[in-house]
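S.K.: Can you read through this structure? Questions will come right after.
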Amino acid sequence: KAGVTQTPRYLIKTRGQQVTLSCSPISGHRSVSWYQQTPGQGLQFLFEYFSETQRNKGNFPGRFSGRQFSNSRSEMNVSTLELGDSALYLCASSELPGLAGVTDTQYFGPGTRLTVL
Amino acid sequence: QKEVEQNSGPLSVPEGAIASLNCTYSDRGSQSFFWYRQYSGKSPELIMFIYSNGDKEDGRFTAQLNKASQYVSLLIRDSQPSDSATYLCAPSDSSASKIIFGSGTRLSIRP
């Protein structure tokens, strides 16, 4: 099976712009989670989608949003970019959505490295 | 605030020795535990997962879980230079279907 794919792999934007990142999960996986990784904060959970519904959301401002399509592909959008949004954005897919306390194994894509100038 | 504590390292281990990576977590309700390996500039790669107390072995890797002590560890036997990476401990969140990641331990295997 092909792994999780993310596009684009690299992106350079300026402050105030918006950006859309895309993630295609492993075939048959219906749950997609997004993470932000920075050297100072580590891996921070953004949100999780299953069956086109957002099931969980992390502590990020409303400028960060996402959606999932009927084919399980997911996009995340960041509006009004700030310098602090520069990070590696990772998408992970799992077969099942999991329950509180019990999480299905997540497989990560290669990430999109976003640089905000 | 649910916390996952890992020694940031670097942990330096000679080639061929056993590397021991430790993790403590604050969420008593966590039921799933994952170890990921992340090479510099790459995305995390799943190494092991464990759900039950005790040991779970997979090749050179052994995960150990003690829920009473809220402690999970990863042992790497016969360490190789290719094992040099950051290892992320990730227990599940008891109040939501998500994983909480530790900040990782940087492991360096010296020839």
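All residue names refer to the structure tokens as shown: chains lettered A, B, ... in order, residues numbered from 1 in each chain, ligands numbered from 1 in order.
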Leaving out stretch 88-99 of chain B and any residue of its chain fewer than 3 positions from it, which residues lie within 6 Å of it when counting only C-alpha atoms, given as number ranges by chain?
M.R.: A: 98-101, 103; B: 29-30, 32-36, 102, 104
S.K.: Residues of the last selection are to be written out with N, CA and C atoms, as a PDB file, in the first residue's frame.
M.R.:
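Okay, out_12.pdb is ready:
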```pdb
ATOM      1  N   GLY A  98     -10.585   5.605  16.732  1.00  0.00           N
ATOM      2  CA  GLY A  98     -10.178   5.507  18.124  1.00  0.00           C
ATOM      3  C   GLY A  98     -11.241   6.024  19.058  1.00  0.00           C
ATOM      4  N   LEU A  99     -11.043   5.713  20.322  1.00  0.00           N
ATOM      5  CA  LEU A  99     -11.937   6.171  21.375  1.00  0.00           C
ATOM      6  C   LEU A  99     -11.099   6.887  22.420  1.00  0.00           C
ATOM      7  N   ALA A 100     -11.737   7.597  23.309  1.00  0.00           N
ATOM      8  CA  ALA A 100     -10.995   8.263  24.381  1.00  0.00           C
ATOM      9  C   ALA A 100     -10.181   7.232  25.143  1.00  0.00           C
ATOM     10  N   GLY A 101      -8.898   7.427  25.177  1.00  0.00           N
ATOM     11  CA  GLY A 101      -8.007   6.534  25.905  1.00  0.00           C
ATOM     12  C   GLY A 101      -7.415   5.430  25.056  1.00  0.00           C
ATOM     13  N   THR A 103      -6.276   4.623  21.204  1.00  0.00           N
ATOM     14  CA  THR A 103      -6.056   5.237  19.897  1.00  0.00           C
ATOM     15  C   THR A 103      -5.500   4.214  18.931  1.00  0.00           C
TER      16      THR A 103
ATOM     17  N   GLY B  29      -5.611   7.446  32.648  1.00  0.00           N
ATOM     18  CA  GLY B  29      -6.551   6.744  31.790  1.00  0.00           C
ATOM     19  C   GLY B  29      -5.980   6.319  30.443  1.00  0.00           C
ATOM     20  N   SER B  30      -4.723   6.641  30.155  1.00  0.00           N
ATOM     21  CA  SER B  30      -4.121   6.244  28.879  1.00  0.00           C
ATOM     22  C   SER B  30      -4.102   4.725  28.755  1.00  0.00           C
ATOM     23  N   SER B  32      -3.361   3.240  25.314  1.00  0.00           N
ATOM     24  CA  SER B  32      -2.518   2.892  24.163  1.00  0.00           C
ATOM     25  C   SER B  32      -1.218   3.685  24.261  1.00  0.00           C
ATOM     26  N   PHE B  33      -0.117   3.007  23.932  1.00  0.00           N
ATOM     27  CA  PHE B  33       1.187   3.667  24.052  1.00  0.00           C
ATOM     28  C   PHE B  33       2.001   3.367  22.801  1.00  0.00           C
ATOM     29  N   PHE B  34       2.584   4.415  22.250  1.00  0.00           N
ATOM     30  CA  PHE B  34       3.304   4.290  20.992  1.00  0.00           C
ATOM     31  C   PHE B  34       4.713   4.845  21.141  1.00  0.00           C
ATOM     32  N   TRP B  35       5.644   4.228  20.436  1.00  0.00           N
ATOM     33  CA  TRP B  35       6.996   4.775  20.304  1.00  0.00           C
ATOM     34  C   TRP B  35       7.241   5.048  18.826  1.00  0.00           C
ATOM     35  N   TYR B  36       7.667   6.272  18.560  1.00  0.00           N
ATOM     36  CA  TYR B  36       8.006   6.662  17.203  1.00  0.00           C
ATOM     37  C   TYR B  36       9.481   7.046  17.153  1.00  0.00           C
ATOM     38  N   GLY B 102       5.473  13.182  23.718  1.00  0.00           N
ATOM     39  CA  GLY B 102       6.546  13.760  24.503  1.00  0.00           C
ATOM     40  C   GLY B 102       7.474  14.543  23.588  1.00  0.00           C
ATOM     41  N   GLY B 104      10.566  13.989  23.216  1.00  0.00           N
ATOM     42  CA  GLY B 104      11.531  13.118  22.573  1.00  0.00           C
ATOM     43  C   GLY B 104      12.878  13.042  23.259  1.00  0.00           C
TER      44      GLY B 104
END
```
S.K.: Pick out the chain A residues within 10 Å of chain B. Count only C-alpha atoms. Give them as a ChimeraX atom specification.
M.R.: /A:33,37,39-45,47-48,55-58,88-92,97-113
S.K.: Set the distance at 10 Å and use only C-alpha atoms: which residues neighbour B:Tyr39 once local chain neighbours fewer than 4 positions away are removed? I'd like the list as a PyMOL selection string.
M.R.: chain B and resi 43-45+82-87+106
S.K.: One number please: atom CA of A:Tyr49 to atom CA of A:Gln68, in Å, one decimal.
M.R.: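 Computing it gives 6.4 Å between the two atoms.
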S.K.: So how many Å separate atom CA of B:Glu3 and atom CA of B:Ile76, to one decimal?
M.R.: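 These two atoms are separated by 24.1 Å.
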S.K.: Can you pull out every residue within 8 Å of B:Asn7, counting only C-alpha atoms, but drop anything in the same chain fewer than 3 positions away, and send it as a PyMOL selection string?
M.R.: chain B and resi 22-23+104-105
S.K.: So how many Å separate atom CA of A:Ser22 and atom CA of A:Thr7, to one decimal?
M.R.: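 Separation of atom CA of A:Ser22 and atom CA of A:Thr7: 5.3 Å.
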S.K.: Taking only chain B into account, list the residues labelled strand (DSSP E or B) by DSSP (computed from the backbone), as a ChimeraX atom specification.
M.R.: /B:4-5,11-14,19-25,33-38,45-50,54-58,61-66,71-76,85-92,99,105-110
